[in-house]
file my_file.pdb (PDB, C-alpha atoms)
ATOM      1  CA  MET T   1      50.576  66.480  -6.324
ATOM      2  CA  GLU T   2      49.760  67.767  -2.835
ATOM      3  CA  PRO T   3      52.391  69.934  -1.108
ATOM      4  CA  PRO T   4      54.763  67.653   0.853
ATOM      5  CA  LEU T   5      53.738  68.809   4.321
ATOM      6  CA  ALA T   6      50.053  68.447   3.422
ATOM      7  CA  LEU T   7      50.599  64.714   3.060
ATOM      8  CA  LEU T   8      51.457  64.532   6.754
ATOM      9  CA  THR T   9      48.182  66.051   7.937
ATOM     10  CA  GLY T  10      45.375  63.643   8.630
ATOM     11  CA  ARG T  11      46.610  60.801   6.400
ATOM     12  CA  GLY T  12      50.281  60.927   7.409
ATOM     13  CA  ARG T  13      50.123  57.853   9.577
ATOM     14  CA  HIS T  14      48.661  55.824   6.719
ATOM     15  CA  LEU T  15      51.259  56.606   4.064
ATOM     16  CA  ASP T  16      53.019  53.565   2.621
ATOM     17  CA  ASP T  17      56.817  53.366   2.658
ATOM     18  CA  ALA T  18      57.238  54.361  -0.981
ATOM     19  CA  THR T  19      55.142  57.511  -0.566
ATOM     20  CA  LEU T  20      56.781  58.436   2.716
ATOM     21  CA  LEU T  21      60.225  57.922   1.194
ATOM     22  CA  HIS T  22      59.263  60.238  -1.672
ATOM     23  CA  LEU T  23      58.054  62.834   0.822
ATOM     24  CA  LEU T  24      61.331  62.615   2.722
ATOM     25  CA  THR T  25      63.417  63.076  -0.413
ATOM     26  CA  VAL T  26      61.453  66.245  -1.218
ATOM     27  CA  LEU T  27      61.934  67.593   2.297
ATOM     28  CA  PHE T  28      65.584  66.582   2.570
ATOM     29  CA  THR T  29      66.645  67.871  -0.850
ATOM     30  CA  GLY T  30      64.357  70.900  -0.880
ATOM     31  CA  ARG T  31      63.268  70.220  -4.438
ATOM     32  CA  GLU T  32      60.618  68.333  -6.357
ATOM     33  CA  THR T  33      62.840  67.894  -9.396
ATOM     34  CA  GLY T  34      64.457  64.487  -9.308
ATOM     35  CA  SER T  35      62.785  63.435  -6.040
ATOM     36  CA  VAL T  36      60.521  60.885  -7.738
ATOM     37  CA  ALA T  37      63.466  59.181  -9.432
ATOM     38  CA  LEU T  38      65.610  59.293  -6.286
ATOM     39  CA  SER T  39      62.918  57.872  -4.015
ATOM     40  CA  HIS T  40      62.158  55.191  -6.615
ATOM     41  CA  ASN T  41      65.828  54.211  -6.774
ATOM     42  CA  LEU T  42      66.085  54.062  -2.992
ATOM     43  CA  PHE T  43      62.939  51.959  -2.659
ATOM     44  CA  ALA T  44      63.960  49.647  -5.498
ATOM     45  CA  ARG T  45      67.390  49.109  -3.927
ATOM     46  CA  PHE T  46      66.386  48.688  -0.269
ATOM     47  CA  GLY T  47      62.687  47.741  -0.309
ATOM     48  CA  SER T  48      61.509  49.709   2.731
ATOM     49  CA  LEU T  49      62.052  52.925   4.652
ATOM     50  CA  ALA T  50      63.507  50.967   7.585
ATOM     51  CA  ALA T  51      66.079  49.372   5.275
ATOM     52  CA  VAL T  52      67.037  52.799   3.894
ATOM     53  CA  LEU T  53      67.607  54.124   7.418
ATOM     54  CA  SER T  54      69.758  51.100   8.290
ATOM     55  CA  ALA T  55      71.794  51.081   5.082
ATOM     56  CA  THR T  56      75.503  51.826   5.300
ATOM     57  CA  ASP T  57      76.950  55.094   4.028
ATOM     58  CA  ARG T  58      78.628  53.209   1.184
ATOM     59  CA  GLU T  59      75.351  51.593   0.128
ATOM     60  CA  LEU T  60      73.535  54.922   0.163
ATOM     61  CA  GLU T  61      76.308  56.707  -1.705
ATOM     62  CA  SER T  62      75.984  54.118  -4.484
ATOM     63  CA  ILE T  63      72.519  55.488  -5.320
ATOM     64  CA  SER T  64      72.657  58.029  -8.132
ATOM     65  CA  ASP T  65      71.586  61.639  -7.462
ATOM     66  CA  MET T  66      71.834  61.314  -3.680
ATOM     67  CA  GLY T  67      73.220  64.833  -3.453
ATOM     68  CA  MET T  68      74.988  66.327  -0.444
ATOM     69  CA  HIS T  69      71.995  66.655   1.889
ATOM     70  CA  MET T  70      70.321  63.242   1.802
ATOM     71  CA  LEU T  71      72.891  61.144   3.646
ATOM     72  CA  PRO T  72      73.279  63.377   6.736
ATOM     73  CA  MET T  73      69.504  63.849   6.945
ATOM     74  CA  ILE T  74      68.938  60.085   6.747
ATOM     75  CA  ARG T  75      71.405  59.665   9.615
ATOM     76  CA  VAL T  76      69.561  62.326  11.642
ATOM     77  CA  LEU T  77      66.251  60.542  11.025
ATOM     78  CA  GLN T  78      67.771  57.171  11.946
ATOM     79  CA  GLU T  79      69.131  58.545  15.210
ATOM     80  CA  ALA T  80      65.789  60.206  16.005
ATOM     81  CA  ALA T  81      63.967  56.905  15.451
ATOM     82  CA  LEU T  82      66.400  55.062  17.740
ATOM     83  CA  ARG T  83      66.065  57.678  20.473
ATOM     84  CA  TYR T  84      62.285  57.574  20.200
ATOM     85  CA  ASN T  85      62.231  53.811  20.667
ATOM     86  CA  ARG T  86      64.714  54.018  23.538
ATOM     87  CA  ALA T  87      62.600  56.706  25.239
ATOM     88  CA  ARG T  88      59.609  54.340  25.106
ATOM     89  CA  LEU T  89      61.413  51.756  27.241
ATOM     90  CA  PRO T  90      59.981  51.481  30.770
ATOM     91  CA  PRO T  91      62.139  53.731  33.008
ATOM     92  CA  GLU T  92      62.100  51.410  36.010
ATOM     93  CA  ASP T  93      62.257  47.910  34.499
ATOM     94  CA  VAL T  94      63.054  47.486  30.807
ATOM     95  CA  LEU T  95      61.988  43.844  31.065
ATOM     96  CA  ASP T  96      58.502  44.876  32.197
ATOM     97  CA  ASN T  97      57.336  45.468  28.613
ATOM     98  CA  GLU T  98      58.974  42.996  26.277
ATOM     99  CA  GLN T  99      57.285  44.402  23.172
ATOM    100  CA  LYS T 100      58.734  47.877  23.681
ATOM    101  CA  LEU T 101      62.129  46.345  24.354
ATOM    102  CA  LEU T 102      61.889  44.323  21.145
ATOM    103  CA  ASP T 103      60.774  47.415  19.210
ATOM    104  CA  TYR T 104      63.947  49.141  20.357
ATOM    105  CA  LEU T 105      66.223  46.177  19.626
ATOM    106  CA  THR T 106      64.612  45.627  16.239
ATOM    107  CA  ALA T 107      65.117  49.285  15.316
ATOM    108  CA  ARG T 108      68.763  48.884  16.317
ATOM    109  CA  LEU T 109      69.579  45.612  14.611
ATOM    110  CA  ALA T 110      66.971  44.092  12.328
ATOM    111  CA  ARG T 111      68.319  45.611   9.096
ATOM    112  CA  GLU T 112      72.045  45.279   9.841
ATOM    113  CA  ASN T 113      73.757  43.349   7.055
ATOM    114  CA  ILE T 114      76.521  42.046   9.310
ATOM    115  CA  GLU T 115      76.272  40.558  12.780
ATOM    116  CA  GLN T 116      76.442  42.980  15.667
ATOM    117  CA  PHE T 117      76.594  42.035  19.339
ATOM    118  CA  ARG T 118      75.142  44.530  21.819
ATOM    119  CA  ILE T 119      74.709  44.510  25.581
ATOM    120  CA  LEU T 120      72.079  46.270  27.662
ATOM    121  CA  PHE T 121      73.514  46.863  31.138
ATOM    122  CA  LEU T 122      70.901  46.880  33.913
ATOM    123  CA  ASN T 123      70.966  47.851  37.584
ATOM    124  CA  GLU T 124      69.296  46.011  40.463
ATOM    125  CA  LYS T 125      65.882  47.406  39.384
ATOM    126  CA  ASN T 126      66.455  46.333  35.775
ATOM    127  CA  SER T 127      66.684  49.982  34.733
ATOM    128  CA  LEU T 128      68.868  50.593  31.705
ATOM    129  CA  ILE T 129      72.319  51.926  32.608
ATOM    130  CA  ALA T 130      73.826  51.706  29.133
ATOM    131  CA  ASP T 131      73.381  50.108  25.737
ATOM    132  CA  GLU T 132      76.692  49.381  24.070
ATOM    133  CA  ALA T 133      77.859  47.694  20.900
ATOM    134  CA  GLN T 134      80.516  45.174  21.909
ATOM    135  CA  ALA T 135      81.512  43.789  18.528
ATOM    136  CA  ARG T 136      80.728  43.765  14.824
ATOM    137  CA  GLY T 137      81.539  40.683  12.807
ATOM    138  CA  THR T 138      80.789  39.136   9.453
ATOM    139  CA  VAL T 139      77.527  38.076   7.850
ATOM    140  CA  ASN T 140      77.288  35.070  10.170
ATOM    141  CA  HIS T 141      79.754  35.456  13.041
ATOM    142  CA  THR T 142      80.611  37.993  15.727
ATOM    143  CA  PRO T 143      83.626  37.543  18.029
ATOM    144  CA  VAL T 144      82.634  37.928  21.694
ATOM    145  CA  TYR T 145      85.093  37.911  24.596
ATOM    146  CA  PRO T 146      83.422  36.771  27.836
ATOM    147  CA  ARG T 147      86.082  38.256  30.135
ATOM    148  CA  GLU T 148      85.685  41.653  28.490
ATOM    149  CA  VAL T 149      81.918  41.450  28.934
ATOM    150  CA  ALA T 150      82.355  40.634  32.630
ATOM    151  CA  ARG T 151      84.954  43.373  33.079
ATOM    152  CA  ARG T 152      82.692  45.977  31.513
ATOM    153  CA  ALA T 153      79.725  44.862  33.631
ATOM    154  CA  VAL T 154      81.757  45.376  36.815
ATOM    155  CA  GLU T 155      83.175  48.663  35.554
ATOM    156  CA  ILE T 156      79.728  50.083  34.846
ATOM    157  CA  GLY T 157      78.143  48.689  38.026
ATOM    158  CA  ALA T 158      75.609  46.412  36.325
ATOM    159  CA  THR T 159      73.875  43.577  38.150
ATOM    160  CA  ALA T 160      72.237  42.023  35.059
ATOM    161  CA  LEU T 161      72.689  42.080  31.305
ATOM    162  CA  VAL T 162      70.520  41.611  28.264
ATOM    163  CA  LEU T 163      72.605  40.169  25.434
ATOM    164  CA  VAL T 164      71.404  40.782  21.905
ATOM    165  CA  HIS T 165      72.692  40.125  18.437
ATOM    166  CA  ASN T 166      71.211  39.941  14.970
ATOM    167  CA  HIS T 167      71.155  37.297  12.284
ATOM    168  CA  PRO T 168      71.439  39.035   8.893
ATOM    169  CA  SER T 169      69.947  35.931   7.280
ATOM    170  CA  GLY T 170      66.642  36.878   8.942
ATOM    171  CA  ASP T 171      66.356  33.523  10.735
ATOM    172  CA  PRO T 172      66.674  34.036  14.523
ATOM    173  CA  THR T 173      67.227  30.347  15.301
ATOM    174  CA  PRO T 174      70.237  30.047  17.674
ATOM    175  CA  SER T 175      73.258  28.323  16.209
ATOM    176  CA  GLU T 176      75.492  25.988  18.187
ATOM    177  CA  ALA T 177      78.043  28.822  18.313
ATOM    178  CA  ASP T 178      75.372  31.130  19.787
ATOM    179  CA  LEU T 179      74.603  28.607  22.524
ATOM    180  CA  GLN T 180      78.260  28.047  23.374
ATOM    181  CA  MET T 181      79.008  31.766  23.433
ATOM    182  CA  THR T 182      76.079  32.420  25.773
ATOM    183  CA  MET T 183      77.232  29.707  28.174
ATOM    184  CA  GLN T 184      80.769  31.093  28.144
ATOM    185  CA  VAL T 185      79.569  34.629  28.883
ATOM    186  CA  GLN T 186      77.264  33.296  31.601
ATOM    187  CA  ALA T 187      80.159  31.456  33.255
ATOM    188  CA  ALA T 188      82.343  34.584  33.199
ATOM    189  CA  LEU T 189      79.539  36.695  34.684
ATOM    190  CA  GLU T 190      78.844  34.232  37.486
ATOM    191  CA  VAL T 191      82.367  34.852  38.794
ATOM    192  CA  VAL T 192      81.559  38.548  39.316
ATOM    193  CA  GLY T 193      77.968  38.055  40.508
ATOM    194  CA  VAL T 194      76.206  39.348  37.386
ATOM    195  CA  THR T 195      73.319  37.520  35.704
ATOM    196  CA  ILE T 196      72.030  37.305  32.143
ATOM    197  CA  ALA T 197      68.415  38.456  32.142
ATOM    198  CA  ASP T 198      67.927  37.314  28.549
ATOM    199  CA  HIS T 199      69.646  36.878  25.215
ATOM    200  CA  PHE T 200      67.699  37.983  22.167
ATOM    201  CA  ILE T 201      68.490  37.104  18.581
ATOM    202  CA  ILE T 202      66.889  39.559  16.178
ATOM    203  CA  GLY T 203      65.910  38.388  12.709
ATOM    204  CA  ASN T 204      63.753  39.915  10.006
ATOM    205  CA  GLY T 205      60.366  40.342  11.662
ATOM    206  CA  ARG T 206      61.146  37.516  14.091
ATOM    207  CA  HIS T 207      63.174  37.027  17.222
ATOM    208  CA  THR T 208      64.284  34.375  19.699
ATOM    209  CA  SER T 209      64.371  34.867  23.461
ATOM    210  CA  PHE T 210      66.751  32.475  25.192
ATOM    211  CA  ARG T 211      64.811  32.922  28.439
ATOM    212  CA  ARG T 212      61.470  32.012  26.880
ATOM    213  CA  SER T 213      63.100  29.135  24.988
ATOM    214  CA  ASN T 214      64.562  27.752  28.246
ATOM    215  CA  LEU T 215      68.107  28.200  26.936
ATOM    216  CA  LEU T 216      69.257  30.105  30.016
TER     217      LEU T 216
END
call {"tool": "encode", "arguments": {"input": "my_file.pdb", "output": "structure tokens"}}
result
Amino acid sequence: MEPPLALLTGRGRHLDDATLLHLLTVLFTGRETGSVALSHNLFARFGSLAAVLSATDRELESISDMGMHMLPMIRVLQEAALRYNRARLPPEDVLDNEQKLLDYLTARLARENIEQFRILFLNEKNSLIADEAQARGTVNHTPVYPREVARRAVEIGATALVLVHNHPSGDPTPSEADLQMTMQVQAALEVVGVTIADHFIIGNGRHTSFRRSNLL
């Protein structure tokens, strides 16, 4: 087998998830012994590198031979990936490049196994002021409180919001509850002069934009 770092030179960008996961286990644990079995177990359990990075601590700890170094290093790598995708957002108008915005939102939410509701707070130029998780729910429901959303928007000085939540089922089709919640948040925001720029539902490799679907 080639030395781990040698795999990253030249062909690194073309490594499949299983090989890259094996490489990471070698680097994170500092040993070849057991890395093949550990990376195999991780890939068999989660199916992709992205799913490993998004797995909960409890899920990761259930994998045998994780050791004391793997979990914190996976969390470091996850945070680095999120920051990279956030840094790629247009600095002036995050809505100017929808694909980069979706890359960021997908990295945040696509592999979550429970629903999470996040808000991107924007200023008058649609620059990102803050990205905050507002609520975490169950596998198919997240409680959202419109007045709290409006209060936070005023508190942070936002003029527009991008709402986003995930569907752990992988199907980004809006439910009736999603539509009602969006209308309720929109009504609360209108009182304080804040608009909803879009509401994205993130699925597994798919998404729905309320703006593009004429639901706003």
call {"tool": "closest_atom_pairs", "arguments": {"input": "my_file.pdb", "of": "range 80-193 of chain T", "to": "range 203-216 of chain T", "cutoff": "6 Å", "atoms": "only C-alpha atoms", "output": "Markdown table"}}
result
| residue | atom | partner | partner_atom | distance |
| --- | --- | --- | --- | --- |
| T:Ala110 | CA | T:Asn204 | CA | 5.8 |
| T:Asn166 | CA | T:Gly203 | CA | 6.0 |
| T:His167 | CA | T:Gly203 | CA | 5.4 |
| T:Gly170 | CA | T:Gly203 | CA | 4.1 |
| T:Asp171 | CA | T:Gly203 | CA | 5.3 |
| T:Pro172 | CA | T:Gly203 | CA | 4.8 |
call {"tool": "resolve_selection", "arguments": {"input": "my_file.pdb", "expression": "the PyMOL selection byres ((chain T and resi 131) around 9)", "output": "PyMOL selection string"}}
result
chain T and resi 118-121+128-130+132-133
call {"tool": "closest_residue", "arguments": {"input": "my_file.pdb", "among": "T:His199, T:Arg83, T:His165, T:Arg31", "to": "His69 in chain T", "atoms": "all atoms listed in the file"}}
result
T:Arg31
call {"tool": "closest_atom_pairs", "arguments": {"input": "my_file.pdb", "of": "range 115-172 of chain T", "to": "range 177-188 of chain T", "cutoff": "7 Å", "atoms": "all atoms listed in the file", "output": "CSV"}}
result
residue,atom,partner,partner_atom,distance
T:Pro146,CA,T:Val185,CA,4.5
T:Arg147,CA,T:Ala188,CA,6.1
T:Ala150,CA,T:Ala188,CA,6.1
call {"tool": "resolve_selection", "arguments": {"input": "my_file.pdb", "expression": "the PyMOL selection byres ((chain T and resi 73) around 10)", "output": "JSON list (two decimals) with C-alpha atoms, in the coordinates of the input"}}
result
[["chain", "number", "residue", "atom", "x", "y", "z"],
["T", 24, "LEU", "CA", 61.33, 62.62, 2.72],
["T", 25, "THR", "CA", 63.42, 63.08, -0.41],
["T", 27, "LEU", "CA", 61.93, 67.59, 2.30],
["T", 28, "PHE", "CA", 65.58, 66.58, 2.57],
["T", 29, "THR", "CA", 66.64, 67.87, -0.85],
["T", 53, "LEU", "CA", 67.61, 54.12, 7.42],
["T", 68, "MET", "CA", 74.99, 66.33, -0.44],
["T", 69, "HIS", "CA", 72.00, 66.66, 1.89],
["T", 70, "MET", "CA", 70.32, 63.24, 1.80],
["T", 71, "LEU", "CA", 72.89, 61.14, 3.65],
["T", 72, "PRO", "CA", 73.28, 63.38, 6.74],
["T", 74, "ILE", "CA", 68.94, 60.08, 6.75],
["T", 75, "ARG", "CA", 71.40, 59.66, 9.62],
["T", 76, "VAL", "CA", 69.56, 62.33, 11.64],
["T", 77, "LEU", "CA", 66.25, 60.54, 11.02],
["T", 78, "GLN", "CA", 67.77, 57.17, 11.95],
["T", 79, "GLU", "CA", 69.13, 58.54, 15.21]]
call {"tool": "atom_distance", "arguments": {"input": "my_file.pdb", "atom1": "CA of Leu21 in chain T", "atom2": "CA of Glu98 in chain T"}}
result
29.2 Å
call {"tool": "atom_distance", "arguments": {"input": "my_file.pdb", "atom1": "CA of Thr159 in chain T", "atom2": "CA of Asn126 in chain T"}}
result
8.3 Å
call {"tool": "build_atoms", "arguments": {"input": "my_file.pdb", "residues": "range 85-96 of chain T", "atoms": "all heavy atoms", "output": "CSV table (one decimal), in the coordinates of the input"}}
result
chain,number,residue,atom,x,y,z
T,85,ASN,N,62.5,55.2,20.2
T,85,ASN,CA,62.2,53.8,20.7
T,85,ASN,C,62.9,53.6,22.0
T,85,ASN,O,62.3,52.9,22.9
T,85,ASN,CB,62.7,52.8,19.7
T,85,ASN,CG,61.7,52.5,18.5
T,85,ASN,OD1,60.6,52.0,18.8
T,85,ASN,ND2,62.1,52.9,17.3
T,86,ARG,N,64.1,54.1,22.2
T,86,ARG,CA,64.7,54.0,23.5
T,86,ARG,C,63.9,54.8,24.6
T,86,ARG,O,63.8,54.3,25.7
T,86,ARG,CB,66.1,54.5,23.5
T,86,ARG,CG,66.8,54.5,24.8
T,86,ARG,CD,68.3,54.6,24.7
T,86,ARG,NE,69.0,54.7,26.0
T,86,ARG,CZ,70.2,54.5,26.3
T,86,ARG,NH1,71.0,54.3,25.3
T,86,ARG,NH2,70.7,54.5,27.5
T,87,ALA,N,63.4,55.9,24.3
T,87,ALA,CA,62.6,56.7,25.2
T,87,ALA,C,61.3,56.0,25.6
T,87,ALA,O,60.8,56.2,26.7
T,87,ALA,CB,62.3,58.1,24.7
T,88,ARG,N,60.8,55.1,24.8
T,88,ARG,CA,59.6,54.3,25.1
T,88,ARG,C,59.9,53.2,26.1
T,88,ARG,O,58.9,52.6,26.5
T,88,ARG,CB,59.0,53.8,23.8
T,88,ARG,CG,58.5,54.9,22.9
T,88,ARG,CD,57.9,54.4,21.6
T,88,ARG,NE,56.7,53.6,21.9
T,88,ARG,CZ,56.5,52.3,21.6
T,88,ARG,NH1,57.5,51.6,21.1
T,88,ARG,NH2,55.3,51.7,21.8
T,89,LEU,N,61.1,52.8,26.3
T,89,LEU,CA,61.4,51.8,27.2
T,89,LEU,C,60.9,52.1,28.6
T,89,LEU,O,61.1,53.3,29.1
T,89,LEU,CB,62.9,51.5,27.3
T,89,LEU,CG,63.5,50.9,26.0
T,89,LEU,CD1,65.0,50.8,26.2
T,89,LEU,CD2,62.9,49.5,25.7
T,90,PRO,N,60.4,51.2,29.4
T,90,PRO,CA,60.0,51.5,30.8
T,90,PRO,C,61.2,52.0,31.6
T,90,PRO,O,62.2,51.4,31.6
T,90,PRO,CB,59.5,50.1,31.3
T,90,PRO,CG,59.2,49.3,30.1
T,90,PRO,CD,60.1,49.8,29.0
T,91,PRO,N,61.0,53.1,32.3
T,91,PRO,CA,62.1,53.7,33.0
T,91,PRO,C,62.6,52.9,34.2
T,91,PRO,O,63.8,53.0,34.6
T,91,PRO,CB,61.6,55.1,33.5
T,91,PRO,CG,60.1,54.9,33.5
T,91,PRO,CD,59.8,53.9,32.4
T,92,GLU,N,61.7,52.2,34.8
T,92,GLU,CA,62.1,51.4,36.0
T,92,GLU,C,62.6,50.0,35.7
T,92,GLU,O,63.6,49.5,36.2
T,92,GLU,CB,60.9,51.3,37.0
T,92,GLU,CG,60.5,52.7,37.6
T,92,GLU,CD,61.6,53.2,38.5
T,92,GLU,OE1,62.4,52.4,39.1
T,92,GLU,OE2,61.8,54.5,38.5
T,93,ASP,N,61.9,49.3,34.8
T,93,ASP,CA,62.3,47.9,34.5
T,93,ASP,C,62.1,47.7,33.0
T,93,ASP,O,60.9,47.5,32.5
T,93,ASP,CB,61.4,47.0,35.3
T,93,ASP,CG,61.7,45.5,35.1
T,93,ASP,OD1,62.5,45.2,34.2
T,93,ASP,OD2,61.1,44.7,35.8
T,94,VAL,N,63.2,47.6,32.3
T,94,VAL,CA,63.1,47.5,30.8
T,94,VAL,C,62.5,46.1,30.4
T,94,VAL,O,62.0,45.9,29.3
T,94,VAL,CB,64.4,47.7,30.1
T,94,VAL,CG1,64.9,49.1,30.3
T,94,VAL,CG2,65.4,46.7,30.5
T,95,LEU,N,62.5,45.2,31.3
T,95,LEU,CA,62.0,43.8,31.1
T,95,LEU,C,60.5,43.8,31.3
T,95,LEU,O,59.9,42.7,31.0
T,95,LEU,CB,62.7,42.8,31.9
T,95,LEU,CG,64.2,42.7,31.8
T,95,LEU,CD1,64.8,41.7,32.8
T,95,LEU,CD2,64.6,42.4,30.3
T,96,ASP,N,59.9,44.9,31.8
T,96,ASP,CA,58.5,44.9,32.2
T,96,ASP,C,57.6,44.9,31.0
T,96,ASP,O,56.5,44.5,31.0
T,96,ASP,CB,58.2,46.1,33.1
T,96,ASP,CG,56.8,46.0,33.6
T,96,ASP,OD1,56.4,45.0,34.2
T,96,ASP,OD2,56.1,47.1,33.5
